[in-house]
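Input: a single structure, listed below in structure tokens.
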There are 2 protein chains.
Amino acid sequence: MSKSGSPIKQLPQFQYWHQKIETMPRGHLETLQLERLQNMVDRAMLTPFYAPKLKAVGINGSEDIKGLDDLKRIPFTTKNDLRDGFPYGFLSIPKEDVVRLHASSGTTGTPTTIYYSKDDLSRWASYVARCIYGTGCNHGDVFQNMITYGLFTGGLGFHAGAEEVGMMVIPSGSGNTTRQFRLMQDFGTTVVHATPSFLLHVESIMRAEGVSRDSIKLKRAFAGAEPYSEDTRRRIEELLHIDVYNSYGLSEMNGPGVAFECQCKDGLHIWEDGYIPEIVNPDTLEPVPDGEIGELVITILCREATPILRYRTRDLTGFYTEPCACGRTHRRLRRITGRSDDMLIINGVNVFPSQIEEVIMAMKEVGNNYLIEIEKDGVLDKLTVKTEVGPDIFMDDSRPLNSLRERIRKTLQASITINPRVELHESGSLPVSEGKAKRVYDKRPKDV
Amino acid sequence: MSKSGSPIKQLPQFQYWHQKIETMPRGHLETLQLERLQNMVDRAMLTPFYAPKLKAVGINGSEDIKGLDDLKRIPFTTKNDLRDGFPYGFLSIPKEDVVRLHASSGTTGTPTTIYYSKDDLSRWASYVARCIYGTGCNHGDVFQNMITYGLFTGGLGFHAGAEEVGMMVIPSGSGNTTRQFRLMQDFGTTVVHATPSFLLHVESIMRAEGVSRDSIKLKRAFAGAEPYSEDTRRRIEELLHIDVYNSYGLSEMNGPGVAFECQCKDGLHIWEDGYIPEIVNPDTLEPVPDGEIGELVITILCREATPILRYRTRDLTGFYTEPCACGRTHRRLRRITGRSDDMLIINGVNVFPSQIEEVIMAMKEVGNNYLIEIEKDGVLDKLTVKTEVGPDIFMDDSRPLNSLRERIRKTLQASITINPRVELHESGSLPVSEGKAKRVYDKRPKDV
Ligand SMILES: [Zn+2]
Ligand SMILES: [Zn+2]
């Protein structure tokens, strides 16, 4: 039985998209990694950004990468480096051979841009297919991709992987919840991809509109694009009676398909034939002891157009040290608890929004949506947590509400050591975003 | 020199994606069509919708299709038939072999749904690639796909074709005009795909925001998804200094890639190796004499998942009777002037919105956006045409405005025989839609 208390009661017959690679002995895997890293370093030498950076540390090409340990000689790459290298500082093939680009939202500031060759796209699709197939899906499934298409990699990335598996893909895109139900009912959707917050929203609307669970055939969901807690996963699983699989990716590493949960739903296998993961202390940049939490750093091993070495993802996670029951040899990452950028400093105390989510989502009386607000109150920071109550709780009965509010406050204080103000809101009354959820509103003046 | 008065002064060196097929002698083309029609009839016999319909007219399979003339024995298929056949009445392969579906907007009423196998998708992409390449684009171009992705076929259809050609595809999606400029400037976009109304909107905003033409490298645009006049094309070409190519497709026939203009920009080659076009009188359903306008009826020749025979598109067009200078042997369709559904009956007179657009867009003082409104005024219908003026015209000087208004009114009356009310609005003040433009507001009570 899986640790997440999921509907899967018994380990299923595991299925592998690329069995030989997914279950490859570690030694072979590392030989493959070295070969590909050497290739990637040669590619990087073709880019304006890396050529001088690598030469500066005495690396002139693959001949200077004798073992995987040489990776540590390579300097880290940051999001700022990607911005500085805009537009073509990281491009290692002729522009005419690029068939796609994805760019992070560039409404303010320079976008970060990743270029793909035709082979890069098919490799990417094949990693996503591996993730999808590993959850037990196959070509008989009906897949509804409830996420934004376009420059964001989540939509087109999952779309291509799902078509590679041969599922019937419904490219429904994000938003329009009522229509999403119609599509699920009309075509017997068995799997969806969405942000966890949109899944919770879908469930709320389903209940509000009286859509019966029996009218849909949903079995699984892939949830990603924003960090979420184990309690949120459990809540979605219980409310919708489905299995929720945790998906991890970032556009700098193609997009989705970097790491994914197998049917054990206990950590995300990062595909080490395509990526070299490291976990470092974000302050010292030294590796953390195996199993401890730190910042995830990734080197992509198979991309022609845009080689990126030792990329600091800002995402906080750690390795599982034990092998997985599924037989895959690729290491598992712990659920991403947040980004080092997300960390809030409230009256001098470090708080991750995920800590707050964990407390809230574990309470049955609490609804599916919440917000975190930080304001300045004189010299002090004031934290307010606004959360919806469940749909069965009436707002006109103040006694149970007061007791719930007090219970949330105390549990939060115990967890984060800060005493928050807690506001309860009627089910469905807090604002919902259709893409990545915006939950943190830091209203403190920036320069104080 | 092209008839549309385009920037192309001299016929270019034509380039063909599938030269052998695109320039195939008519006789060979018809042999190919017959073979594929026979195959398609066998497929149709596998569907719940067609099997009884074809048997009823004595067709039991390909053996009863001896020549292309036998097509006429097959009954027409309408949009209502597609709705009635929902969800699987037109499916001719096992559901597990479907990898994609596209559905028309189903917020009201049953959606019409088209299913695609893996091969269907690659064939579709290859037709779109043929269209794109035929306008002179190649893998060195940078293509910005400024149209909705998702269930609408325009986004994913062009996306796949452009990647097949090997252009650098920027999947920007629709809307967010300011960001679209940024992308064009940042990546040197040379080709865009958009609705004609969005192109006009882009140009207006460019002028309003003072974006210099020299800051973008745009050379071509593919404009489709809504009918537009030759004057609108000319206006976009002159304002943006680009070549605009007319694109035609419909989701029932895959999506974009059914018919497209070549570099002669004088009619749209319909790919007769993939589609059999007929032009019929929409009332009698008899073929119109060659060259005359009627309703376009299409039979798809190469689709495994969803065969559709003799589909009544409702689109009004006719064949050009002369061969094209480009050497392609596939017949050309005239610009679609409207859908038979679009026809307005105003005080008993038939009026197409395209007639009104033609008059307005030919006037230099008129801006890029307009609306048509019909109301009931007692027993009579009242037609109001609201149009923006150009950005250089000031709304506080009433004399030239009155004279312009009068001139528009008279020219419209001469064209449509109805005397409209004309309203002039400030540049940029009429509502803009990001997808297909909504220009006609028929406010008459439905049952009167
Ligand atoms: Zn596993
Ligand atoms: Zn031609």
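If you're wondering about the labels, chains in the structure tokens are A, B, ... by order shown, residues count from 1 in each chain, ligands from 1 in order shown.
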
> Taking only C-alpha atoms into account, what are the residues of chain A at most 7 Å from chain B, put as an MDAnalysis selection string?
Replying inline: chainID A and resid 96:102 107 139:140 149:151 163 166:173 179

Save out the residues we just selected, C-alpha atoms, as an mmCIF file, in the first residue's frame.
data_model
loop_
_atom_site.group_PDB
_atom_site.id
_atom_site.type_symbol
_atom_site.label_atom_id
_atom_site.label_comp_id
_atom_site.auth_asym_id
_atom_site.auth_seq_id
_atom_site.Cartn_x
_atom_site.Cartn_y
_atom_site.Cartn_z
ATOM 1 C CA GLU A 96 17.757 27.661 -38.838
ATOM 2 C CA ASP A 97 17.789 24.297 -37.085
ATOM 3 C CA VAL A 98 15.659 25.514 -34.197
ATOM 4 C CA VAL A 99 12.014 24.456 -34.589
ATOM 5 C CA ARG A 100 10.554 25.739 -31.311
ATOM 6 C CA LEU A 101 11.209 28.104 -28.505
ATOM 7 C CA HIS A 102 9.580 28.398 -25.140
ATOM 8 C CA THR A 107 5.975 41.022 -19.649
ATOM 9 C CA HIS A 139 -3.235 3.992 -25.286
ATOM 10 C CA GLY A 140 -6.781 3.169 -24.203
ATOM 11 C CA TYR A 149 -0.971 25.794 -24.056
ATOM 12 C CA GLY A 150 1.472 28.177 -25.690
ATOM 13 C CA LEU A 151 4.772 29.553 -24.444
ATOM 14 C CA GLU A 163 0.122 11.491 -27.979
ATOM 15 C CA GLY A 166 -1.270 7.010 -27.834
ATOM 16 C CA MET A 167 -3.891 8.179 -25.365
ATOM 17 C CA MET A 168 -6.857 10.048 -26.813
ATOM 18 C CA VAL A 169 -5.780 13.616 -26.122
ATOM 19 C CA ILE A 170 -8.377 16.327 -25.494
ATOM 20 C CA PRO A 171 -6.469 19.619 -25.708
ATOM 21 C CA SER A 172 -8.945 21.469 -23.518
ATOM 22 C CA GLY A 173 -6.493 23.998 -22.098
ATOM 23 C CA ARG A 179 -16.855 22.976 -20.127
#

>> What does the list of residues within 12 Å of ligand 2 look like if you count only C-alpha atoms and all ligand atoms, written as JSON, numbers by chain?
In response: {"B": [2, 11, 12, 13, 14, 15, 16, 22, 23, 131, 134, 135, 136, 245, 259, 260, 261, 262, 263, 264, 265, 266, 267, 268, 269, 270, 271, 320, 322, 323, 324, 325, 326, 327, 328, 329, 330, 331, 332, 333]}

>> Could you check the closest approach to Asn281 in chain B for each of B:Ser340, B:Thr232, B:Ser104, B:Thr189 and tell me which residue wins, using only C-alpha atoms?
In response: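 Nearest to Asn281 in chain B: B:Ser340.
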
> Where in range 57-176 of chain B does DSSP assign helix (DSSP H, G or I), given as a VMD selection string?
Replying inline: chain B and resid 62 to 64 68 to 73 79 to 84 95 to 97 118 to 133 153 to 165

>> Applying 10 Å and only C-alpha atoms, which residues near Gly61 in chain A remain after dropping the ones on its own chain fewer than 5 positions away? List them as a PyMOL selection string.
In response: chain A and resi 38-46+51+54-55

Save the residues we just selected, N, CA, C and O atoms, as an mmCIF file, in the first residue's frame?
data_model
loop_
_atom_site.group_PDB
_atom_site.id
_atom_site.type_symbol
_atom_site.label_atom_id
_atom_site.label_comp_id
_atom_site.auth_asym_id
_atom_site.auth_seq_id
_atom_site.Cartn_x
_atom_site.Cartn_y
_atom_site.Cartn_z
ATOM 1 N N GLN A 38 29.981 14.404 -21.477
ATOM 2 C CA GLN A 38 31.092 14.814 -22.350
ATOM 3 C C GLN A 38 30.562 15.468 -23.626
ATOM 4 O O GLN A 38 31.015 16.533 -24.046
ATOM 5 N N ASN A 39 29.575 14.839 -24.188
ATOM 6 C CA ASN A 39 28.933 15.362 -25.388
ATOM 7 C C ASN A 39 28.342 16.757 -25.113
ATOM 8 O O ASN A 39 28.478 17.685 -25.919
ATOM 9 N N MET A 40 27.725 16.894 -23.957
ATOM 10 C CA MET A 40 27.069 18.154 -23.612
ATOM 11 C C MET A 40 28.092 19.267 -23.389
ATOM 12 O O MET A 40 27.862 20.415 -23.739
ATOM 13 N N VAL A 41 29.238 18.895 -22.818
ATOM 14 C CA VAL A 41 30.290 19.897 -22.612
ATOM 15 C C VAL A 41 30.827 20.369 -23.965
ATOM 16 O O VAL A 41 31.050 21.568 -24.174
ATOM 17 N N ASP A 42 30.977 19.455 -24.912
ATOM 18 C CA ASP A 42 31.395 19.871 -26.253
ATOM 19 C C ASP A 42 30.376 20.828 -26.880
ATOM 20 O O ASP A 42 30.744 21.805 -27.534
ATOM 21 N N ARG A 43 29.111 20.517 -26.665
ATOM 22 C CA ARG A 43 28.064 21.420 -27.165
ATOM 23 C C ARG A 43 28.158 22.780 -26.484
ATOM 24 O O ARG A 43 28.012 23.818 -27.124
ATOM 25 N N ALA A 44 28.338 22.740 -25.176
ATOM 26 C CA ALA A 44 28.381 23.997 -24.420
ATOM 27 C C ALA A 44 29.529 24.875 -24.912
ATOM 28 O O ALA A 44 29.417 26.104 -24.954
ATOM 29 N N MET A 45 30.641 24.242 -25.321
ATOM 30 C CA MET A 45 31.788 25.003 -25.829
ATOM 31 C C MET A 45 31.428 25.791 -27.091
ATOM 32 O O MET A 45 32.139 26.710 -27.481
ATOM 33 N N LEU A 46 30.331 25.416 -27.734
ATOM 34 C CA LEU A 46 29.897 26.125 -28.950
ATOM 35 C C LEU A 46 29.078 27.377 -28.615
ATOM 36 O O LEU A 46 28.721 28.136 -29.505
ATOM 37 N N ALA A 51 31.574 28.969 -23.425
ATOM 38 C CA ALA A 51 32.954 28.805 -23.912
ATOM 39 C C ALA A 51 33.959 29.498 -22.982
ATOM 40 O O ALA A 51 34.861 28.836 -22.443
ATOM 41 N N LEU A 54 33.898 27.943 -19.284
ATOM 42 C CA LEU A 54 34.520 26.626 -19.122
ATOM 43 C C LEU A 54 36.039 26.726 -19.267
ATOM 44 O O LEU A 54 36.789 26.121 -18.503
ATOM 45 N N LYS A 55 36.469 27.505 -20.229
ATOM 46 C CA LYS A 55 37.915 27.682 -20.394
ATOM 47 C C LYS A 55 38.541 28.235 -19.119
ATOM 48 O O LYS A 55 39.626 27.824 -18.712
#

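Note that CA of Cys302 in chain B and CA of Arg83 in chain B are 21.8 Å apart.
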
> Using only C-alpha atoms, which residue out of B:Pro289, B:Gly348, B:Gly318, B:Pro25 lies closest to Leu380 in chain B?
Replying inline: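 Closest candidate: B:Gly348.
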
> What lies within 10 Å of Arg213 in chain B using only C-alpha atoms, ignoring chain neighbours under 3 positions off, as an MDAnalysis selection string?
Replying inline: chainID B and resid 203 206:207 210 216:218 239:241

> So which residues touch Ile345 in chain A within 12 Å, counting only C-alpha atoms, skipping near sequence neighbours fewer than 6 positions away, as an MDAnalysis selection string?
Replying inline: chainID A and resid 351:353 374:375 380:383 416 418 442 444

>> From a backbone DSSP assignment, name each residue in range 281-366 of chain A labelled strand (DSSP E), as a PyMOL selection string.
In response: chain A and resi 294-300+311-317+332-333+338-339+344-346+349-351+366
